[in-house]
Amino acid sequence: MDTDRQPVDLARVPVADRDRVWLERVYRGDDAPQATLRAILMGGVIGGVMSLSNLYIGLKTGWGLGVGITACIVSYAVWQALMRFGLARTEMTILENNCMQSTATSAGVSTGGTMVSAIAAYLIIFDEQLSPAVLTAWTVFLALLGVAIAVPMKRQMINREQLAFPSGVAAAETLRSLYAGGGTALRKARSLFLALAAGAVVKWFVEGHAAAVTAAALPAWCALLAIPATLPLGFRLGGRPASAYGLALPVDPQMMAAGAIVGLRTAASMAAGAVVLYAVLGPRLEAAGVFAEMHAAGALDRPEVSAGAVRRWGLWTGSALMVSAGLTAFAFQWRSLVHALAGLRGLVGRPVAAGHDPLARIEVPMSWFLAGTLVAGTGCIIIMHRAWQVPLHLGLVAVLLAFVLSLVACRAAGETDITPIGAMGKVTQLFYGVALPQRMDANLMTAGVTAGAAGAAADLLTDLKSGYLLGANARLQTLAQAAGILFGTAVIVPAWYVLVPDASVISGDTARFTAPAASVWASVAQLLSRGFDSLHVTCQRGMLAGAVLGIAITVIEQLAPRRLARWIPSATGLGLAFVIEFHDSLAFLVGATVAAALARLRPAAAETYVVPVSSGIIAGESLMGVAIAFLHAAGLLGGHPPG
């Protein structure tokens with residue numbers, strides 16, 4: 001078996017010959033260990049742990065961070081350690097690690113997207129948790145639907161069209177560099193684990209330490225070791241301390257690490273948006289008595305200005321900005337839509353006879369697509385009908401919309417590495433706002449079908465791109481992806497009830513999590529149900545301004561020369577700044593600035609350390625945050641985690 005084959009630029013090979021050339025020069029053979037039990041178990045454990053991290057960071061920022069590269073580094077390092085101590089006999093092959101990362105990314109990403117969007121939005125609006133049985137079944141069926149939908153897209157988008165899927169390419173290159181040996185692999189692994197430990201320690205002293213002292217688990221003098229999450233600013237705005245409007249300096253490095261991954265353009269846009277909202281608009285709204293009027297109308301918990309009150313007002317502007325920008329970008333992707341719809345015939349057309357198809361025994365057969373879509377789609381339709389009284393025919397429409405919009409989302413992911421899950425969900429929300437008016441529960445959950453399936457499908461295709469480049473068996477990798485759904489669901493469903501025991505944790509002026517993605521979903525559902533008249537007049541004006549700004553930025557971004565793109569503000573960054581805390585947006589800028597400076601001054605060091613260190617800090621802090629929440633739930637630290 002040839003395990004050292006060189007990469008082949010298949011884009012230069014005629015389409016008719018690509019499958020044959022790939023089989024002869026890239027595929028590593030049927031005898032190469034791939035979806036082994038140890039690979040799937042390793043991926044399931046790593047992905048299950050990372051799903052906690054993504055749930056935590058998703059509730060804080062609305063974003064889900066990639067798991068694949070982190071899983072590859074962790075798996076490689078752990079297996080090397082097991083071999084060193086004699087607990088493993090043979091090295092895990094590169095294709096085993098590839099299947100491992102499919103299991104890990106499925107467990108860590110595909111199962112949690114619905115939690116931080118539709119499910120959290122449902123809790124915000126109705127102040128009611130779904131039963132564990134419904135939530136478990138819903139999570140599994142949504143993720144499986146996405147896996148099934150991706151099956152016919154693989155050969156079209158990856159084999160024939162050779163779409164980039166940059167994250168998949170990055171994961172493949174990471175695995176190649178790890179298995180090439182040398183000091184770089186060791187430095188990446190070591191830096192990730194050290195950063196993970198440091199992040200966990202910092203999180204304990206920020207959130208858990210003071211609670212432990214209060215609960216008498218530690219001596220009183222230990223309270224001196226507690227680290228504040230933020231530092232107050234000393235100046236005043238409108239006769240009030242700046243802290244009254246939420247202005248503070250960040251200390252906690254978790255958001256700084258996220259900013260290092262997100263990039264300087266988005267982070268700078270977030271910081272600019274935060275200054276506009278909290279330092280400029282906040283004092284003006286307070287002086288005009290807006291917050292007192294919103295309290296009188298029942299939109300705020302109290303009449304006094306606070307960071308939560310400013311954020312609750314800004315939610316409408318930020319939501320409109322992000323939704324309008326997403327839908328405008330979707331409109332500019334009309335070519336992707338046309339290509340996706342034109343490719344339907346290729347996806348469901350008559351398959352090549354097995355005897356003439358060189359990849360028939362390697363690629364996933366259409367029978368898997370049909371069976372998976374039937375089972376998972378039927379499951380989603382039944383749950384929507386029984387839990388939220390969605391008529392069966394409209395439930396079927398939701399599944400069909402999920403298929404069509406997933407085609408667009410996956411193509412966008414393949415071309416740009418950005419999966420427009422939010423925009424796909426909003427398209428469905430707008431459709432059901434007309435089909436089922438005043439039904440916010442149905443509006444959220446039907447849109448959840450589209451977003452959940454699109455996210456899972458794009459995740460699988462990104463992993464299959466890695467496998468394609470490394471010469472893996474697509475059938476085995478798809479099975480590993482499906483197995484990851486079970487691992488992720490088993491972890492994330494109980495964790496959801498611990499982290500978010502009730503609506504007060506993600507809504508209200510003193511919420512622990514800002515839950516920006518869920519807030520946007522909830523605001524759209526409420527607006528479609530209640531109409532503009534239910535909002536304060538300044539919120540209506542903010543929505544209009546946000547919508548216009550989102551459209552304008554996206555149009556300029558699409559039409560401007562590429563060399564000017566980095567100077568155009570990010571609509572997503574600006575909108576997100578109106579939904580999260582001021583200090584979190586500022587922390588993003590700090591992290592992105594440090595990463596950009598390192599990339600300019602020491603590009604080799606940045607290439608080696610930025611992603612592993614940032615991922616380690618985020619994972620360490622998130623996992624410690626989850627652990628603290630479990631300790632609070634068990635009564636060992638007393639009460640709920642601090643807000």
# chains A, B, ... in the order shown; residues from 1 in each chain; ligands from 1
call {"tool": "residues_around", "arguments": {"residues": "Ala627 in chain A", "least_positions_apart": "6", "cutoff": "10 Å", "atoms": "only C-alpha atoms", "output": "PyMOL selection string"}}
result
chain A and resi 52+200+204+208+495+498-499+621+633
call {"tool": "residues_around", "arguments": {"residues": "Leu486 in chain A", "least_positions_apart": "5", "cutoff": "9 Å", "atoms": "only C-alpha atoms", "output": "list in words"}}
result
Gly44, Ala107, Thr111, Val140 and Val491 of chain A
call {"tool": "select_by_dssp", "arguments": {"residues": "range 130-161 of chain A", "states": "alpha helix (DSSP H)", "output": "VMD selection string"}}
result
chain A and resid 132 to 154
call {"tool": "select_by_dssp", "arguments": {"residues": "range 199-327 of chain A", "states": "strand (DSSP E or B)", "output": "VMD selection string"}}
result
chain A and resid 230 to 232 236 to 237 240 to 241 248 to 250
call {"tool": "write_last_selection", "arguments": {"atoms": "C-alpha atoms", "output": "tab-separated table (two decimals), in the first residue's frame"}}
result
chain	number	residue	atom	x	y	z
A	230	THR	CA	-13.66	43.14	33.18
A	231	LEU	CA	-12.08	46.37	34.40
A	232	PRO	CA	-14.34	49.43	34.78
A	236	ARG	CA	-18.55	59.44	32.88
A	237	LEU	CA	-21.11	59.67	30.08
A	240	ARG	CA	-23.43	58.57	34.73
A	241	PRO	CA	-20.43	56.25	35.13
A	248	ALA	CA	-15.53	48.15	30.45
A	249	LEU	CA	-12.13	46.75	29.46
A	250	PRO	CA	-11.85	42.99	28.87
call {"tool": "closest_residue", "arguments": {"among": "A:Gln80, A:Thr373, A:Gln254, A:Asn98", "to": "Ala619 in chain A", "atoms": "only C-alpha atoms"}}
result
A:Gln254
call {"tool": "closest_atom_pairs", "arguments": {"of": "range 409-526 of chain A", "to": "range 166-184 of chain A", "cutoff": "12 Å", "atoms": "only C-alpha atoms", "output": "JSON lines"}}
result
{"residue": "A:Ala412", "atom": "CA", "partner": "A:Pro166", "partner_atom": "CA", "distance": 11.2}
{"residue": "A:Ala413", "atom": "CA", "partner": "A:Pro166", "partner_atom": "CA", "distance": 8.4}
{"residue": "A:Gly414", "atom": "CA", "partner": "A:Pro166", "partner_atom": "CA", "distance": 7.3}
{"residue": "A:Glu415", "atom": "CA", "partner": "A:Pro166", "partner_atom": "CA", "distance": 8.1}
{"residue": "A:Thr416", "atom": "CA", "partner": "A:Pro166", "partner_atom": "CA", "distance": 7.5}
{"residue": "A:Asp417", "atom": "CA", "partner": "A:Pro166", "partner_atom": "CA", "distance": 5.7}
{"residue": "A:Ile418", "atom": "CA", "partner": "A:Pro166", "partner_atom": "CA", "distance": 9.4}
{"residue": "A:Thr419", "atom": "CA", "partner": "A:Ser167", "partner_atom": "CA", "distance": 11.2}
{"residue": "A:Ala458", "atom": "CA", "partner": "A:Gly168", "partner_atom": "CA", "distance": 10.5}
{"residue": "A:Asp459", "atom": "CA", "partner": "A:Gly168", "partner_atom": "CA", "distance": 9.2}
{"residue": "A:Leu460", "atom": "CA", "partner": "A:Gly168", "partner_atom": "CA", "distance": 9.7}
{"residue": "A:Leu461", "atom": "CA", "partner": "A:Gly168", "partner_atom": "CA", "distance": 8.2}
{"residue": "A:Thr462", "atom": "CA", "partner": "A:Gly168", "partner_atom": "CA", "distance": 4.7}
{"residue": "A:Asp463", "atom": "CA", "partner": "A:Gly168", "partner_atom": "CA", "distance": 5.6}
{"residue": "A:Leu464", "atom": "CA", "partner": "A:Gly168", "partner_atom": "CA", "distance": 7.5}
{"residue": "A:Lys465", "atom": "CA", "partner": "A:Gly168", "partner_atom": "CA", "distance": 5.3}
{"residue": "A:Ser466", "atom": "CA", "partner": "A:Gly168", "partner_atom": "CA", "distance": 4.7}
{"residue": "A:Gly467", "atom": "CA", "partner": "A:Ala172", "partner_atom": "CA", "distance": 7.4}
{"residue": "A:Tyr468", "atom": "CA", "partner": "A:Ala172", "partner_atom": "CA", "distance": 9.1}
{"residue": "A:Leu469", "atom": "CA", "partner": "A:Ala172", "partner_atom": "CA", "distance": 6.8}
{"residue": "A:Leu470", "atom": "CA", "partner": "A:Ala172", "partner_atom": "CA", "distance": 6.7}
{"residue": "A:Gly471", "atom": "CA", "partner": "A:Ala172", "partner_atom": "CA", "distance": 10.3}
{"residue": "A:Ala472", "atom": "CA", "partner": "A:Ala172", "partner_atom": "CA", "distance": 11.0}
call {"tool": "closest_residue", "arguments": {"among": "A:Ala552, A:Leu135, A:Ala597, A:Ile362", "to": "Ala118 in chain A", "atoms": "only C-alpha atoms"}}
result
A:Leu135
call {"tool": "closest_residue", "arguments": {"among": "A:Pro437, A:Gly542, A:Gly146, A:Gly112", "to": "Gln526 in chain A", "atoms": "only C-alpha atoms"}}
result
A:Pro437
call {"tool": "closest_residue", "arguments": {"among": "A:Leu123, A:Leu194, A:Leu37, A:Val109", "to": "Ala454 in chain A", "atoms": "only C-alpha atoms"}}
result
A:Val109
call {"tool": "residues_around", "arguments": {"residues": "range 580-588 of chain A", "least_positions_apart": "5", "cutoff": "7 Å", "atoms": "only C-alpha atoms", "output": "list in words"}}
result
Thr61, Gly246, Leu247, Ala248, Leu249, Pro250, Met255, Met256, Ala258, Gly259, Ala267, Met270, Ala271, Ala274, Tyr278, Arg311, Thr514 and Pro516 of chain A
call {"tool": "atom_distance", "arguments": {"atom1": "CA of Ile46 in chain A", "atom2": "CA of Ala104 in chain A"}}
result
5.9 Å
call {"tool": "closest_residue", "arguments": {"among": "A:Phe578, A:Phe332, A:Tyr609, A:Phe126", "to": "Ala517 in chain A", "atoms": "only C-alpha atoms"}}
result
A:Phe578
call {"tool": "closest_residue", "arguments": {"among": "A:Ala522, A:Ala565, A:Glu607, A:Ile381", "to": "Gln429 in chain A", "atoms": "only C-alpha atoms"}}
result
A:Ala522
call {"tool": "atom_distance", "arguments": {"atom1": "CA of Ala447 in chain A", "atom2": "CA of Arg530 in chain A"}}
result
18.0 Å
call {"tool": "residues_around", "arguments": {"residues": "Phe513 in chain A", "least_positions_apart": "3", "cutoff": "10 Å", "atoms": "only C-alpha atoms", "output": "list in words"}}
result
Tyr56, Ile57, Gly58, Leu59, Lys60, Thr61, Leu499, Val500, Ser504, Val505, Ile506, Ser507, Gly508, Thr510, Pro516, Ile580, Glu581 and Gly643 of chain A
